[in-house]
Amino acid sequence: MNPQRARLHWNGQAATDAIHQAAARGLLLAAEHTLTASRQRVPINEGTLERSGAASVDEQALAAVVSYDTPYAVRVHEEMNASHLPGRSAKYLESVLPEVAGDVQSLIGAHVRRALH
């Protein structure tokens with residue numbers, strides 16, 4: 001009987017780096033998806049608040065941020081008694097998070113899975 005031999009070279013750091021980069025790409029897409037969903041709800045007067053929305057990722061920390069950058073963004077987000085056009089509301093960012101959570105997980109997971117193949 002002839003035993004078969006195989007040689008395996010494991011480059012753990014390269015695998016870790018590829019997974020990290022893939023997670024960062026997926027995280028950015030997930031943040032952009034969340035931003036798009038929140039823009040459908042952001043109250044509109046002149047559109048300035050909606051246009052100020054941005055998605056960004058800290059690739060080192062693997063942390064994403066979706067933000068709106070006007071002096072009144074927080075007030076409009078938190079003011080529950082204000083009246084808005086149909087489909088537009090306070091909590092325009094916070095309210096979409098539970099709705100997009102599954103999509104966020106899928107986007108990040110898909111990129112990580114691709115990096116592993």
# chains A, B, ... in the order shown; residues from 1 in each chain; ligands from 1
>>> residues_around(residues="Lys91 of chain A", least_positions_apart="2", cutoff="9 Å", atoms="only C-alpha atoms", output="PyMOL selection string")
chain A and resi 41-42+76-80+89+93-96
>>> write_last_selection(atoms="all heavy atoms", output="short mmCIF file (atom, residue, chain, number, x, y, z; two decimals), in the first residue's frame")
data_model
loop_
_atom_site.label_atom_id
_atom_site.label_comp_id
_atom_site.auth_asym_id
_atom_site.auth_seq_id
_atom_site.Cartn_x
_atom_site.Cartn_y
_atom_site.Cartn_z
N ARG A 41 -37.62 58.22 3.52
CA ARG A 41 -38.41 58.69 4.65
C ARG A 41 -38.06 60.07 5.15
O ARG A 41 -38.83 60.67 5.88
CB ARG A 41 -38.24 57.74 5.82
CG ARG A 41 -39.23 56.67 5.74
CD ARG A 41 -39.30 55.87 6.98
NE ARG A 41 -39.73 54.58 6.47
CZ ARG A 41 -39.48 53.45 7.00
NH1 ARG A 41 -38.82 53.38 8.11
NH2 ARG A 41 -39.89 52.34 6.45
N VAL A 42 -36.89 60.55 4.81
CA VAL A 42 -36.43 61.83 5.36
C VAL A 42 -37.42 62.93 4.97
O VAL A 42 -37.86 63.00 3.83
CB VAL A 42 -34.99 62.15 4.91
CG1 VAL A 42 -34.91 62.49 3.46
CG2 VAL A 42 -34.39 63.24 5.74
N VAL A 76 -34.89 67.45 13.42
CA VAL A 76 -35.93 66.89 12.54
C VAL A 76 -36.09 65.39 12.80
O VAL A 76 -37.21 64.88 12.82
CB VAL A 76 -35.59 67.16 11.05
CG1 VAL A 76 -36.54 66.42 10.12
CG2 VAL A 76 -35.62 68.66 10.77
N HIS A 77 -34.99 64.70 13.05
CA HIS A 77 -35.06 63.27 13.33
C HIS A 77 -35.82 62.99 14.61
O HIS A 77 -36.60 62.03 14.70
CB HIS A 77 -33.64 62.69 13.42
CG HIS A 77 -33.62 61.20 13.53
ND1 HIS A 77 -33.64 60.54 14.75
CD2 HIS A 77 -33.57 60.23 12.58
CE1 HIS A 77 -33.61 59.24 14.54
NE2 HIS A 77 -33.56 59.02 13.23
N GLU A 78 -35.63 63.81 15.62
CA GLU A 78 -36.20 63.54 16.95
C GLU A 78 -37.56 64.18 17.20
O GLU A 78 -38.26 63.78 18.11
CB GLU A 78 -35.22 64.02 18.02
CG GLU A 78 -33.89 63.28 18.00
CD GLU A 78 -34.03 61.78 18.20
OE1 GLU A 78 -34.83 61.35 19.06
OE2 GLU A 78 -33.34 61.02 17.49
N GLU A 79 -37.96 65.14 16.41
CA GLU A 79 -39.20 65.89 16.66
C GLU A 79 -40.41 65.09 16.19
O GLU A 79 -40.84 65.16 15.04
CB GLU A 79 -39.13 67.24 15.94
CG GLU A 79 -40.13 68.25 16.45
CD GLU A 79 -39.86 69.60 15.86
OE1 GLU A 79 -38.81 70.18 16.19
OE2 GLU A 79 -40.69 70.05 15.05
N MET A 80 -41.00 64.34 17.12
CA MET A 80 -42.09 63.42 16.80
C MET A 80 -43.42 64.12 16.51
O MET A 80 -44.30 63.55 15.89
CB MET A 80 -42.27 62.42 17.94
CG MET A 80 -41.08 61.52 18.16
SD MET A 80 -40.73 60.48 16.73
CE MET A 80 -42.12 59.38 16.79
N SER A 89 -41.14 61.06 7.67
CA SER A 89 -41.38 61.07 9.11
C SER A 89 -40.12 61.37 9.90
O SER A 89 -39.00 61.27 9.39
CB SER A 89 -41.91 59.70 9.55
OG SER A 89 -40.93 58.71 9.36
N LEU A 93 -34.06 57.79 10.02
CA LEU A 93 -32.93 56.87 9.96
C LEU A 93 -33.16 55.70 10.91
O LEU A 93 -33.07 54.53 10.52
CB LEU A 93 -31.63 57.59 10.29
CG LEU A 93 -30.34 56.80 10.22
CD1 LEU A 93 -30.19 56.10 8.87
CD2 LEU A 93 -29.15 57.70 10.48
N GLU A 94 -33.49 56.00 12.13
CA GLU A 94 -33.69 54.96 13.14
C GLU A 94 -34.77 53.96 12.74
O GLU A 94 -34.62 52.76 12.96
CB GLU A 94 -34.07 55.64 14.45
CG GLU A 94 -34.26 54.72 15.62
CD GLU A 94 -34.61 55.47 16.89
OE1 GLU A 94 -34.25 56.67 17.01
OE2 GLU A 94 -35.23 54.85 17.76
N SER A 95 -35.85 54.43 12.13
CA SER A 95 -36.97 53.54 11.81
C SER A 95 -36.67 52.54 10.70
O SER A 95 -37.31 51.50 10.63
CB SER A 95 -38.21 54.37 11.44
OG SER A 95 -38.01 55.06 10.22
N VAL A 96 -35.69 52.83 9.84
CA VAL A 96 -35.39 51.88 8.76
C VAL A 96 -34.43 50.78 9.20
O VAL A 96 -34.33 49.74 8.55
CB VAL A 96 -34.85 52.57 7.49
CG1 VAL A 96 -35.83 53.57 6.95
CG2 VAL A 96 -33.50 53.17 7.71
#
>>> select_by_dssp(residues="segment 1-74 of chain A", states="strand (DSSP E or B)", output="number ranges by chain")
A: 53-58, 63-68
>>> residues_around(residues="Val57 of chain A", least_positions_apart="5", cutoff="8 Å", atoms="only C-alpha atoms", output="PyMOL selection string")
chain A and resi 24+27-28+31+62-65
>>> residues_around(residues="segment 21-23 of chain A", least_positions_apart="6", cutoff="9 Å", atoms="only C-alpha atoms", output="list of chain:residue names")
A:Glu59, A:Leu62, A:Ile108, A:Gly109, A:Ala110, A:His111, A:Val112, A:Arg113, A:Arg114, A:Ala115
>>> write_last_selection(atoms="N, CA, C and O atoms", output="short mmCIF file (atom, residue, chain, number, x, y, z; two decimals), in the first residue's frame")
data_model
loop_
_atom_site.label_atom_id
_atom_site.label_comp_id
_atom_site.auth_asym_id
_atom_site.auth_seq_id
_atom_site.Cartn_x
_atom_site.Cartn_y
_atom_site.Cartn_z
N GLU A 59 -12.53 51.32 7.66
CA GLU A 59 -12.12 49.97 7.26
C GLU A 59 -11.31 49.26 8.34
O GLU A 59 -11.38 48.04 8.47
N LEU A 62 -13.85 48.31 11.01
CA LEU A 62 -15.04 47.69 10.45
C LEU A 62 -16.31 48.27 11.09
O LEU A 62 -17.15 47.56 11.63
N ILE A 108 -23.05 41.93 3.74
CA ILE A 108 -21.73 41.69 4.33
C ILE A 108 -21.35 40.22 4.18
O ILE A 108 -20.25 39.89 3.77
N GLY A 109 -22.29 39.34 4.50
CA GLY A 109 -22.03 37.91 4.40
C GLY A 109 -21.67 37.46 3.00
O GLY A 109 -20.76 36.65 2.81
N ALA A 110 -22.33 38.01 1.99
CA ALA A 110 -22.05 37.63 0.61
C ALA A 110 -20.62 38.01 0.22
O ALA A 110 -19.92 37.23 -0.44
N HIS A 111 -20.17 39.18 0.64
CA HIS A 111 -18.80 39.59 0.32
C HIS A 111 -17.77 38.72 1.04
O HIS A 111 -16.75 38.36 0.45
N VAL A 112 -18.03 38.38 2.27
CA VAL A 112 -17.09 37.53 3.02
C VAL A 112 -17.06 36.13 2.39
O VAL A 112 -15.99 35.56 2.21
N ARG A 113 -18.21 35.60 2.04
CA ARG A 113 -18.25 34.27 1.41
C ARG A 113 -17.46 34.26 0.10
O ARG A 113 -16.71 33.32 -0.17
N ARG A 114 -17.60 35.32 -0.71
CA ARG A 114 -16.83 35.39 -1.96
C ARG A 114 -15.34 35.40 -1.71
O ARG A 114 -14.57 34.83 -2.46
N ALA A 115 -14.93 36.07 -0.64
CA ALA A 115 -13.50 36.13 -0.31
C ALA A 115 -12.96 34.76 0.11
O ALA A 115 -11.78 34.48 -0.06
#
>>> closest_residue(among="A:Arg7, A:Arg25, A:His20, A:Arg88", to="Gln40 of chain A", atoms="only C-alpha atoms")
A:Arg88
>>> residues_around(residues="Val100 of chain A", least_positions_apart="3", cutoff="8 Å", atoms="only C-alpha atoms", output="PyMOL selection string")
chain A and resi 33-34+37+96-97+103-104
>>> closest_residue(among="A:Leu85, A:Leu116, A:Ser38, A:Arg51", to="Glu99 of chain A", atoms="only C-alpha atoms")
A:Ser38
>>> atom_distance(atom1="atom CA of Ala14 of chain A", atom2="atom CA of Gly26 of chain A")
18.2 Å
>>> closest_residue(among="A:Val66, A:Ala30, A:Thr36, A:Ile19", to="His117 of chain A", atoms="only C-alpha atoms")
A:Ile19
>>> select_by_dssp(residues="segment 3-95 of chain A", states="alpha helix (DSSP H)", output="number ranges by chain")
A: 12-39, 48-51, 73-78
>>> closest_residue(among="A:Pro98, A:Ala55, A:Pro43, A:Leu49", to="Asp69 of chain A", atoms="only C-alpha atoms")
A:Leu49
>>> decode(residues="segment 71-99 of chain A", atoms="N, CA, C and O atoms", output="mmCIF file, in the first residue's frame")
data_model
loop_
_atom_site.group_PDB
_atom_site.id
_atom_site.type_symbol
_atom_site.label_atom_id
_atom_site.label_comp_id
_atom_site.auth_asym_id
_atom_site.auth_seq_id
_atom_site.Cartn_x
_atom_site.Cartn_y
_atom_site.Cartn_z
ATOM 1 N N PRO A 71 -27.473 71.506 10.156
ATOM 2 C CA PRO A 71 -27.598 71.939 11.550
ATOM 3 C C PRO A 71 -28.891 71.455 12.218
ATOM 4 O O PRO A 71 -28.964 71.363 13.436
ATOM 5 N N TYR A 72 -29.887 71.122 11.419
ATOM 6 C CA TYR A 72 -31.192 70.734 11.964
ATOM 7 C C TYR A 72 -31.504 69.242 11.811
ATOM 8 O O TYR A 72 -32.591 68.792 12.140
ATOM 9 N N ALA A 73 -30.568 68.449 11.349
ATOM 10 C CA ALA A 73 -30.820 67.026 11.093
ATOM 11 C C ALA A 73 -31.285 66.292 12.347
ATOM 12 O O ALA A 73 -32.255 65.527 12.300
ATOM 13 N N VAL A 74 -30.615 66.500 13.466
ATOM 14 C CA VAL A 74 -30.988 65.798 14.702
ATOM 15 C C VAL A 74 -32.368 66.256 15.166
ATOM 16 O O VAL A 74 -33.209 65.431 15.542
ATOM 17 N N ARG A 75 -32.626 67.550 15.118
ATOM 18 C CA ARG A 75 -33.926 68.065 15.569
ATOM 19 C C ARG A 75 -35.053 67.460 14.728
ATOM 20 O O ARG A 75 -36.059 66.995 15.265
ATOM 21 N N VAL A 76 -34.895 67.450 13.415
ATOM 22 C CA VAL A 76 -35.927 66.894 12.536
ATOM 23 C C VAL A 76 -36.092 65.395 12.804
ATOM 24 O O VAL A 76 -37.211 64.882 12.819
ATOM 25 N N HIS A 77 -34.994 64.705 13.047
ATOM 26 C CA HIS A 77 -35.060 63.267 13.327
ATOM 27 C C HIS A 77 -35.825 62.986 14.612
ATOM 28 O O HIS A 77 -36.597 62.030 14.698
ATOM 29 N N GLU A 78 -35.629 63.806 15.619
ATOM 30 C CA GLU A 78 -36.196 63.542 16.949
ATOM 31 C C GLU A 78 -37.556 64.177 17.196
ATOM 32 O O GLU A 78 -38.257 63.778 18.111
ATOM 33 N N GLU A 79 -37.958 65.145 16.411
ATOM 34 C CA GLU A 79 -39.197 65.888 16.657
ATOM 35 C C GLU A 79 -40.413 65.090 16.187
ATOM 36 O O GLU A 79 -40.838 65.165 15.041
ATOM 37 N N MET A 80 -40.998 64.338 17.119
ATOM 38 C CA MET A 80 -42.090 63.419 16.798
ATOM 39 C C MET A 80 -43.420 64.124 16.508
ATOM 40 O O MET A 80 -44.302 63.546 15.887
ATOM 41 N N ASN A 81 -43.592 65.351 16.942
ATOM 42 C CA ASN A 81 -44.871 66.039 16.766
ATOM 43 C C ASN A 81 -44.937 66.891 15.496
ATOM 44 O O ASN A 81 -45.976 67.475 15.211
ATOM 45 N N ALA A 82 -43.871 66.962 14.756
ATOM 46 C CA ALA A 82 -43.874 67.755 13.519
ATOM 47 C C ALA A 82 -44.695 67.046 12.450
ATOM 48 O O ALA A 82 -44.790 65.821 12.426
ATOM 49 N N SER A 83 -45.289 67.818 11.572
ATOM 50 C CA SER A 83 -46.050 67.198 10.493
ATOM 51 C C SER A 83 -45.185 67.179 9.231
ATOM 52 O O SER A 83 -44.426 68.119 8.958
ATOM 53 N N HIS A 84 -45.293 66.087 8.488
ATOM 54 C CA HIS A 84 -44.476 65.884 7.291
ATOM 55 C C HIS A 84 -45.351 65.389 6.152
ATOM 56 O O HIS A 84 -46.475 64.926 6.367
ATOM 57 N N LEU A 85 -44.831 65.439 4.964
ATOM 58 C CA LEU A 85 -45.537 64.909 3.799
ATOM 59 C C LEU A 85 -45.770 63.409 3.976
ATOM 60 O O LEU A 85 -45.015 62.738 4.698
ATOM 61 N N PRO A 86 -46.785 62.857 3.310
ATOM 62 C CA PRO A 86 -47.045 61.412 3.424
ATOM 63 C C PRO A 86 -45.797 60.586 3.090
ATOM 64 O O PRO A 86 -45.088 60.872 2.125
ATOM 65 N N GLY A 87 -45.537 59.585 3.908
ATOM 66 C CA GLY A 87 -44.390 58.711 3.714
ATOM 67 C C GLY A 87 -43.104 59.242 4.321
ATOM 68 O O GLY A 87 -42.102 58.547 4.370
ATOM 69 N N ARG A 88 -43.115 60.474 4.763
ATOM 70 C CA ARG A 88 -41.946 61.115 5.368
ATOM 71 C C ARG A 88 -42.198 61.229 6.859
ATOM 72 O O ARG A 88 -43.333 61.460 7.284
ATOM 73 N N SER A 89 -41.145 61.062 7.669
ATOM 74 C CA SER A 89 -41.379 61.066 9.107
ATOM 75 C C SER A 89 -40.123 61.369 9.901
ATOM 76 O O SER A 89 -39.003 61.273 9.387
ATOM 77 N N ALA A 90 -40.356 61.718 11.165
ATOM 78 C CA ALA A 90 -39.258 61.785 12.121
ATOM 79 C C ALA A 90 -38.708 60.368 12.254
ATOM 80 O O ALA A 90 -39.318 59.409 11.781
ATOM 81 N N LYS A 91 -37.571 60.227 12.879
ATOM 82 C CA LYS A 91 -36.922 58.916 13.036
ATOM 83 C C LYS A 91 -36.651 58.280 11.678
ATOM 84 O O LYS A 91 -36.654 57.060 11.516
ATOM 85 N N TYR A 92 -36.390 59.120 10.680
ATOM 86 C CA TYR A 92 -36.202 58.660 9.305
ATOM 87 C C TYR A 92 -35.024 57.717 9.140
ATOM 88 O O TYR A 92 -35.009 56.893 8.228
ATOM 89 N N LEU A 93 -34.059 57.792 10.021
ATOM 90 C CA LEU A 93 -32.929 56.868 9.959
ATOM 91 C C LEU A 93 -33.157 55.697 10.907
ATOM 92 O O LEU A 93 -33.069 54.534 10.517
ATOM 93 N N GLU A 94 -33.487 55.999 12.130
ATOM 94 C CA GLU A 94 -33.685 54.961 13.142
ATOM 95 C C GLU A 94 -34.772 53.958 12.742
ATOM 96 O O GLU A 94 -34.624 52.760 12.956
ATOM 97 N N SER A 95 -35.846 54.429 12.127
ATOM 98 C CA SER A 95 -36.972 53.544 11.812
ATOM 99 C C SER A 95 -36.667 52.544 10.704
ATOM 100 O O SER A 95 -37.311 51.497 10.627
ATOM 101 N N VAL A 96 -35.694 52.825 9.843
ATOM 102 C CA VAL A 96 -35.392 51.882 8.764
ATOM 103 C C VAL A 96 -34.427 50.783 9.202
ATOM 104 O O VAL A 96 -34.335 49.743 8.545
ATOM 105 N N LEU A 97 -33.721 51.001 10.302
ATOM 106 C CA LEU A 97 -32.704 50.019 10.713
ATOM 107 C C LEU A 97 -33.262 48.611 10.902
ATOM 108 O O LEU A 97 -32.693 47.655 10.375
ATOM 109 N N PRO A 98 -34.374 48.427 11.626
ATOM 110 C CA PRO A 98 -34.895 47.057 11.754
ATOM 111 C C PRO A 98 -35.340 46.469 10.415
ATOM 112 O O PRO A 98 -35.244 45.266 10.196
ATOM 113 N N GLU A 99 -35.788 47.315 9.519
ATOM 114 C CA GLU A 99 -36.274 46.844 8.221
ATOM 115 C C GLU A 99 -35.153 46.395 7.290
ATOM 116 O O GLU A 99 -35.363 45.525 6.451
#
